[in-house]
Each structure stands twice: as C-alpha cells, then as structure tokens.
file upload_38.tsv (TSV, N, CA and C atoms)
chain	number	residue	atom	x	y	z
G	10	MET	N	178.20	268.27	231.34
G	10	MET	CA	177.78	268.38	229.97
G	10	MET	C	178.90	269.00	229.14
G	11	SER	N	179.27	268.28	228.15
G	11	SER	CA	180.32	268.76	227.28
G	11	SER	C	179.77	268.94	225.87
G	12	LEU	N	180.23	269.95	225.18
G	12	LEU	CA	179.78	270.20	223.83
G	12	LEU	C	180.82	269.81	222.79
G	13	LYS	N	182.03	269.46	223.26
G	13	LYS	CA	183.08	269.07	222.32
G	13	LYS	C	184.07	268.15	223.00
G	14	PHE	N	184.80	267.41	222.17
G	14	PHE	CA	185.88	266.56	222.66
G	14	PHE	C	186.97	266.53	221.61
G	15	THR	N	188.18	266.14	222.03
G	15	THR	CA	189.29	266.05	221.09
G	15	THR	C	189.77	264.62	221.01
G	16	HIS	N	190.12	264.21	219.81
G	16	HIS	CA	190.68	262.88	219.56
G	16	HIS	C	191.82	263.05	218.57
G	17	LYS	N	193.02	262.73	219.00
G	17	LYS	CA	194.23	262.89	218.17
G	17	LYS	C	194.33	264.32	217.63
G	18	ASP	N	194.17	265.28	218.53
G	18	ASP	CA	194.31	266.72	218.24
G	18	ASP	C	193.29	267.28	217.26
G	19	ILE	N	192.18	266.58	217.04
G	19	ILE	CA	191.10	267.10	216.21
G	19	ILE	C	189.89	267.29	217.13
G	20	GLU	N	189.26	268.45	217.05
G	20	GLU	CA	188.13	268.76	217.92
G	20	GLU	C	186.82	268.42	217.22
G	21	PHE	N	185.93	267.74	217.95
G	21	PHE	CA	184.63	267.34	217.43
G	21	PHE	C	183.55	267.97	218.29
G	22	ASN	N	182.46	268.43	217.64
G	22	ASN	CA	181.37	269.10	218.33
G	22	ASN	C	180.07	268.32	218.14
G	23	ILE	N	179.08	268.68	218.95
G	23	ILE	CA	177.74	268.12	218.82
G	23	ILE	C	177.16	268.52	217.46
G	24	GLY	N	176.48	267.61	216.78
G	24	GLY	CA	175.82	267.92	215.52
G	24	GLY	C	176.66	267.68	214.29
G	25	GLU	N	177.93	267.37	214.44
G	25	GLU	CA	178.77	267.11	213.29
G	25	GLU	C	178.58	265.68	212.79
G	26	THR	N	178.70	265.50	211.50
G	26	THR	CA	178.65	264.17	210.92
G	26	THR	C	180.06	263.62	210.88
G	27	VAL	N	180.25	262.43	211.46
G	27	VAL	CA	181.57	261.84	211.56
G	27	VAL	C	181.56	260.40	211.03
G	28	LYS	N	182.74	259.92	210.73
G	28	LYS	CA	182.93	258.53	210.33
G	28	LYS	C	183.93	257.93	211.31
G	29	VAL	N	183.46	256.95	212.09
G	29	VAL	CA	184.28	256.31	213.10
G	29	VAL	C	184.75	254.97	212.57
G	30	GLN	N	186.06	254.78	212.49
G	30	GLN	CA	186.64	253.50	212.08
G	30	GLN	C	187.03	252.76	213.36
G	31	TYR	N	186.40	251.64	213.63
G	31	TYR	CA	186.73	250.89	214.83
G	31	TYR	C	187.06	249.45	214.48
G	32	LYS	N	187.85	248.84	215.35
G	32	LYS	CA	188.36	247.50	215.10
G	32	LYS	C	187.36	246.46	215.59
G	33	ILE	N	187.14	245.45	214.76
G	33	ILE	CA	186.29	244.32	215.11
G	33	ILE	C	187.18	243.09	215.16
G	34	LYS	N	187.10	242.34	216.25
G	34	LYS	CA	187.90	241.13	216.37
G	34	LYS	C	187.01	239.92	216.15
G	35	GLU	N	187.36	239.10	215.16
G	35	GLU	CA	186.64	237.88	214.84
G	35	GLU	C	187.62	236.72	214.90
G	36	LYS	N	187.48	235.89	215.92
G	36	LYS	CA	188.40	234.78	216.19
G	36	LYS	C	189.83	235.29	216.27
G	37	ASP	N	190.67	235.00	215.28
G	37	ASP	CA	192.06	235.45	215.34
G	37	ASP	C	192.35	236.60	214.37
G	38	LYS	N	191.31	237.15	213.71
G	38	LYS	CA	191.50	238.24	212.77
G	38	LYS	C	190.94	239.54	213.32
G	39	GLU	N	191.51	240.64	212.85
G	39	GLU	CA	190.99	241.96	213.16
G	39	GLU	C	190.72	242.68	211.85
G	40	ARG	N	189.60	243.43	211.84
G	40	ARG	CA	189.28	244.22	210.66
G	40	ARG	C	188.70	245.54	211.11
G	41	LEU	N	188.68	246.51	210.21
G	41	LEU	CA	188.12	247.83	210.50
G	41	LEU	C	186.71	247.91	209.94
G	42	GLN	N	185.81	248.48	210.73
G	42	GLN	CA	184.45	248.69	210.28
G	42	GLN	C	184.09	250.14	210.50
G	43	ALA	N	183.43	250.73	209.54
G	43	ALA	CA	183.08	252.15	209.61
G	43	ALA	C	181.65	252.31	210.14
G	44	PHE	N	181.46	253.34	210.93
G	44	PHE	CA	180.14	253.72	211.43
G	44	PHE	C	180.04	255.22	211.26
G	45	ASP	N	179.20	255.67	210.34
G	45	ASP	CA	179.10	257.11	210.11
G	45	ASP	C	177.72	257.60	210.50
G	46	GLY	N	177.70	258.75	211.14
G	46	GLY	CA	176.45	259.34	211.59
G	46	GLY	C	176.70	260.68	212.27
G	47	ILE	N	175.67	261.16	212.95
G	47	ILE	CA	175.70	262.46	213.61
G	47	ILE	C	176.02	262.28	215.09
G	48	ILE	N	176.90	263.11	215.62
G	48	ILE	CA	177.17	263.08	217.06
G	48	ILE	C	175.97	263.70	217.76
G	49	MET	N	175.27	262.87	218.55
G	49	MET	CA	174.05	263.32	219.21
G	49	MET	C	174.30	263.78	220.63
G	50	ALA	N	175.26	263.17	221.33
G	50	ALA	CA	175.51	263.54	222.72
G	50	ALA	C	176.95	263.23	223.08
G	51	ILE	N	177.48	263.99	224.02
G	51	ILE	CA	178.80	263.75	224.60
G	51	ILE	C	178.60	263.75	226.11
G	52	THR	N	179.00	262.67	226.77
G	52	THR	CA	178.80	262.57	228.21
G	52	THR	C	180.09	262.13	228.89
G	53	GLY	N	180.17	262.38	230.19
G	53	GLY	CA	181.31	261.95	230.98
G	53	GLY	C	182.38	263.02	231.07
G	54	ARG	N	183.42	262.67	231.84
G	54	ARG	CA	184.56	263.57	232.03
G	54	ARG	C	185.84	262.77	232.04
G	55	GLY	N	186.90	263.37	231.61
G	55	GLY	CA	188.22	262.75	231.70
G	55	GLY	C	188.33	261.46	230.91
G	56	ASP	N	188.71	260.39	231.60
G	56	ASP	CA	188.87	259.10	230.93
G	56	ASP	C	187.55	258.43	230.61
G	57	ASN	N	186.46	258.85	231.23
G	57	ASN	CA	185.15	258.25	231.02
G	57	ASN	C	184.32	258.97	229.97
G	58	LEU	N	184.95	259.77	229.12
G	58	LEU	CA	184.24	260.54	228.11
G	58	LEU	C	183.74	259.62	227.01
G	59	THR	N	182.44	259.70	226.70
G	59	THR	CA	181.84	258.90	225.63
G	59	THR	C	181.04	259.82	224.72
G	60	PHE	N	180.82	259.36	223.49
G	60	PHE	CA	179.98	260.12	222.57
G	60	PHE	C	179.03	259.17	221.87
G	61	LEU	N	177.83	259.65	221.62
G	61	LEU	CA	176.76	258.87	221.02
G	61	LEU	C	176.61	259.29	219.57
G	62	VAL	N	176.70	258.31	218.66
G	62	VAL	CA	176.57	258.57	217.23
G	62	VAL	C	175.31	257.86	216.75
G	63	VAL	N	174.47	258.57	216.02
G	63	VAL	CA	173.26	257.98	215.47
G	63	VAL	C	173.37	258.01	213.95
G	64	LYS	N	172.99	256.88	213.33
G	64	LYS	CA	173.01	256.82	211.87
G	64	LYS	C	171.65	256.37	211.39
G	65	LYS	N	171.21	256.95	210.30
G	65	LYS	CA	169.91	256.64	209.75
G	65	LYS	C	170.06	255.44	208.81
G	66	ALA	N	169.32	254.39	209.10
G	66	ALA	CA	169.33	253.19	208.27
G	66	ALA	C	168.09	253.20	207.37
G	67	THR	N	167.77	252.09	206.78
G	67	THR	CA	166.66	252.01	205.85
G	67	THR	C	165.32	252.06	206.56
G	68	ASP	N	164.29	252.48	205.84
G	68	ASP	CA	162.91	252.53	206.31
G	68	ASP	C	162.72	253.36	207.57
G	69	GLY	N	163.48	254.43	207.73
G	69	GLY	CA	163.31	255.32	208.87
G	69	GLY	C	163.83	254.79	210.19
G	70	ILE	N	164.54	253.68	210.16
G	70	ILE	CA	165.11	253.10	211.37
G	70	ILE	C	166.47	253.75	211.60
G	71	SER	N	166.73	254.13	212.85
G	71	SER	CA	168.03	254.70	213.16
G	71	SER	C	168.77	253.78	214.12
G	72	VAL	N	170.09	253.77	213.98
G	72	VAL	CA	170.95	252.94	214.81
G	72	VAL	C	171.84	253.86	215.63
G	73	GLU	N	171.87	253.64	216.94
G	73	GLU	CA	172.70	254.45	217.83
G	73	GLU	C	173.82	253.59	218.39
G	74	ARG	N	174.98	254.21	218.55
G	74	ARG	CA	176.12	253.50	219.12
G	74	ARG	C	176.91	254.46	220.00
G	75	ILE	N	177.32	253.97	221.16
G	75	ILE	CA	178.10	254.76	222.09
G	75	ILE	C	179.56	254.33	221.99
G	76	PHE	N	180.45	255.30	221.80
G	76	PHE	CA	181.88	255.04	221.70
G	76	PHE	C	182.61	255.74	222.84
G	77	PRO	N	183.49	255.04	223.56
G	77	PRO	CA	184.38	255.74	224.49
G	77	PRO	C	185.49	256.43	223.70
G	78	VAL	N	185.80	257.66	224.06
G	78	VAL	CA	186.79	258.44	223.31
G	78	VAL	C	188.17	257.82	223.43
G	79	ASN	N	188.52	257.31	224.61
G	79	ASN	CA	189.86	256.79	224.85
G	79	ASN	C	189.97	255.29	224.58
G	80	SER	N	189.07	254.72	223.81
G	80	SER	CA	189.08	253.29	223.54
G	80	SER	C	190.22	252.92	222.60
G	81	PRO	N	190.94	251.81	222.88
G	81	PRO	CA	191.98	251.37	221.95
G	81	PRO	C	191.38	250.74	220.69
G	82	TRP	N	190.09	250.46	220.69
G	82	TRP	CA	189.44	249.85	219.52
G	82	TRP	C	189.09	250.87	218.45
G	83	ILE	N	189.09	252.15	218.78
G	83	ILE	CA	188.83	253.19	217.78
G	83	ILE	C	190.12	253.47	217.03
G	84	ASP	N	190.07	253.27	215.72
G	84	ASP	CA	191.25	253.51	214.89
G	84	ASP	C	191.34	254.98	214.49
G	85	SER	N	190.24	255.53	213.99
G	85	SER	CA	190.25	256.93	213.59
G	85	SER	C	188.83	257.48	213.60
G	86	ILE	N	188.75	258.79	213.72
G	86	ILE	CA	187.48	259.50	213.62
G	86	ILE	C	187.70	260.62	212.61
G	87	LYS	N	186.86	260.65	211.56
G	87	LYS	CA	186.98	261.68	210.53
G	87	LYS	C	185.74	262.56	210.55
G	88	LYS	N	185.96	263.85	210.42
G	88	LYS	CA	184.87	264.81	210.34
G	88	LYS	C	184.41	264.88	208.89
G	89	ILE	N	183.15	264.54	208.64
G	89	ILE	CA	182.62	264.57	207.28
G	89	ILE	C	182.01	265.93	206.97
G	90	ARG	N	181.13	266.40	207.89
G	90	ARG	CA	180.50	267.70	207.65
G	90	ARG	C	180.10	268.33	208.97
G	91	SER	N	180.07	269.63	208.97
G	91	SER	CA	179.64	270.39	210.14
G	91	SER	C	178.17	270.74	209.99
G	92	PRO	N	177.48	271.08	211.07
G	92	PRO	CA	176.06	271.45	210.95
G	92	PRO	C	175.88	272.74	210.17
G	93	LYS	N	174.72	272.88	209.53
G	93	LYS	CA	174.44	274.09	208.75
G	93	LYS	C	174.30	275.31	209.64
G	94	HIS	N	173.68	275.11	210.80
G	94	HIS	CA	173.45	276.20	211.73
G	94	HIS	C	174.16	275.90	213.04
G	95	LYS	N	174.35	276.93	213.84
G	95	LYS	CA	174.97	276.75	215.15
G	95	LYS	C	174.07	275.88	216.02
G	96	VAL	N	174.64	274.87	216.66
G	96	VAL	CA	173.89	273.99	217.54
G	96	VAL	C	173.84	274.60	218.92
G	97	ARG	N	172.63	274.75	219.47
G	97	ARG	CA	172.47	275.41	220.75
G	97	ARG	C	171.99	274.46	221.83
G	98	ARG	N	172.12	273.18	221.61
G	98	ARG	CA	171.72	272.16	222.57
G	98	ARG	C	172.91	271.29	222.90
G	99	SER	N	172.94	270.76	224.12
G	99	SER	CA	174.04	269.88	224.50
G	99	SER	C	173.73	268.43	224.13
G	100	LYS	N	172.47	268.09	224.01
G	100	LYS	CA	172.04	266.75	223.60
G	100	LYS	C	171.01	266.91	222.49
G	101	LEU	N	171.18	266.18	221.41
G	101	LEU	CA	170.27	266.30	220.27
G	101	LEU	C	169.30	265.11	220.21
G	102	TYR	N	168.68	264.82	221.34
G	102	TYR	CA	167.78	263.67	221.41
G	102	TYR	C	166.53	263.85	220.56
G	103	PHE	N	166.23	265.06	220.16
G	103	PHE	CA	165.06	265.28	219.32
G	103	PHE	C	165.25	264.67	217.93
G	104	LEU	N	166.48	264.33	217.55
G	104	LEU	CA	166.71	263.68	216.26
G	104	LEU	C	166.20	262.25	216.23
G	105	ARG	N	165.85	261.70	217.39
G	105	ARG	CA	165.30	260.35	217.44
G	105	ARG	C	163.91	260.29	216.82
G	106	LYS	N	163.19	261.40	216.87
G	106	LYS	CA	161.85	261.43	216.29
G	106	LYS	C	161.97	261.46	214.77
G	107	GLU	N	161.13	260.69	214.12
G	107	GLU	CA	161.19	260.59	212.66
G	107	GLU	C	160.84	261.91	212.00
G	108	ARG	N	159.93	262.66	212.59
G	108	ARG	CA	159.51	263.93	212.04
G	108	ARG	C	160.65	264.94	212.02
G	109	ALA	N	161.52	264.91	213.02
G	109	ALA	CA	162.63	265.85	213.09
G	109	ALA	C	163.66	265.61	211.99
G	110	ARG	N	163.85	264.36	211.61
G	110	ARG	CA	164.84	264.05	210.57
G	110	ARG	C	164.34	264.40	209.19
G	111	SER	N	163.01	264.42	208.98
G	111	SER	CA	162.47	264.68	207.66
G	111	SER	C	162.47	266.16	207.30
G	112	LEU	N	162.71	267.05	208.28
G	112	LEU	CA	162.70	268.48	208.00
G	112	LEU	C	163.88	268.93	207.20
call {"tool": "encode", "arguments": {"input": "upload_38.tsv", "output": "structure tokens"}}
result
Amino acid sequence: MSLKFTHKDIEFNIGETVKVQYKIKEKDKERLQAFDGIIMAITGRGDNLTFLVVKKATDGISVERIFPVNSPWIDSIKKIRSPKHKVRRSKLYFLRKERARSL
C-alpha cells in the first residue's frame, strides 16, 4: 500500500485532484486528451505502480480510469488541488457512493 508516488520529480498523494494528459492514437495521428479527477488509490510497487483516478460526470455518474505511472502514453500529470483535510486512508473507495460525494 502506497500513499504517494512521484512522476517527473513531482510527488502526488491520495485525495489530490489531478489532470492527466495522455496520448490517444487514432490511425496515424496522435493527440492529447485530458482526464481530471481525484486520485482514489495507488497500487503496486516499482515498475508496476498504478493509480486510480475517478472523475464525476453528469447525473451523478462517475468514471474511473487506471493509469500506470511509468507508461509512455502519459504526457504529463498536473496537480490541481490538494485535499482540504489530511487523508487518513490508503484507498478512498468510499467516494464511489453518491452520498459521500454530496457532502
């Protein structure tokens, strides 16, 4: 269980809101697509380190995506905001419940 990871000398923690720019390949073109949300979990060790980002979409639907930290498809990760309070959990799976997000 890890509570933080580093990407290009920037440290990211559980509960932070991030914007992940990743490359999408369509036929012979490549473009960048942004996925912004809250880091809900960090799993793995070493080269197998992954992080789960959840973003709230319309009508209370949330979208989750798992990113490998060492992926060549990730262009950049930007920290948008830190949590208001200290996070004391290693996995924030309780954010999946709609009631938890409305608080």
call {"tool": "residues_around", "arguments": {"input": "upload_38.tsv", "residues": "Arg98 in chain G", "least_positions_apart": "6", "cutoff": "12 Å", "atoms": "only C-alpha atoms", "output": "list of chain:residue names"}}
result
G:Met10, G:Ser11, G:Leu12, G:Lys13, G:Asn22, G:Ile23, G:Gly24, G:Ile48, G:Met49, G:Ala50, G:Ile51, G:Leu104
call {"tool": "residues_near_point", "arguments": {"input": "upload_38.tsv", "point": "(169.6, 259.5, 212.1)", "cutoff": "7 Å", "atoms": "only N, CA and C atoms", "output": "list in words"}}
result
Gly46, Ile47, Val63, Lys64, Lys65, Ala66, Ile70, Ser71, Val72, Leu104, Arg105 and Arg110 of chain G
call {"tool": "atom_distance", "arguments": {"input": "upload_38.tsv", "atom1": "CA of Ser85 in chain G", "atom2": "atom C of Lys106 in chain G"}}
result
28.7 Å
call {"tool": "select_by_dssp", "arguments": {"input": "upload_38.tsv", "residues": "chain G", "states": "helix (DSSP H, G or I)", "output": "list of chain:residue names"}}
result
G:Gly55, G:Asp56, G:Asn57, G:Thr67, G:Asp68, G:Gly69, G:Tyr102, G:Phe103, G:Leu104, G:Arg105, G:Glu107, G:Arg108, G:Ala109, G:Arg110, G:Ser111
call {"tool": "atom_distance", "arguments": {"input": "upload_38.tsv", "atom1": "CA of Lys93 in chain G", "atom2": "CA of Ala43 in chain G"}}
result
23.6 Å
call {"tool": "atom_distance", "arguments": {"input": "upload_38.tsv", "atom1": "CA of Glu20 in chain G", "atom2": "CA of Phe103 in chain G"}}
result
23.4 Å
call {"tool": "closest_residue", "arguments": {"input": "upload_38.tsv", "among": "G:Lys87, G:Gln30, G:Ile75, G:His94", "to": "Gln42 in chain G", "atoms": "all atoms listed in the file"}}
result
G:Gln30
call {"tool": "closest_residue", "arguments": {"input": "upload_38.tsv", "among": "G:Ile89, G:Leu41, G:Val78, G:Ile83", "to": "Thr26 in chain G", "atoms": "only C-alpha atoms"}}
result
G:Ile89
call {"tool": "residues_around", "arguments": {"input": "upload_38.tsv", "residues": "Lys88 in chain G", "least_positions_apart": "3", "cutoff": "7 Å", "atoms": "all atoms listed in the file", "output": "list in words"}}
result
Glu25, Thr26, Val27, Lys28 and Ser91 of chain G
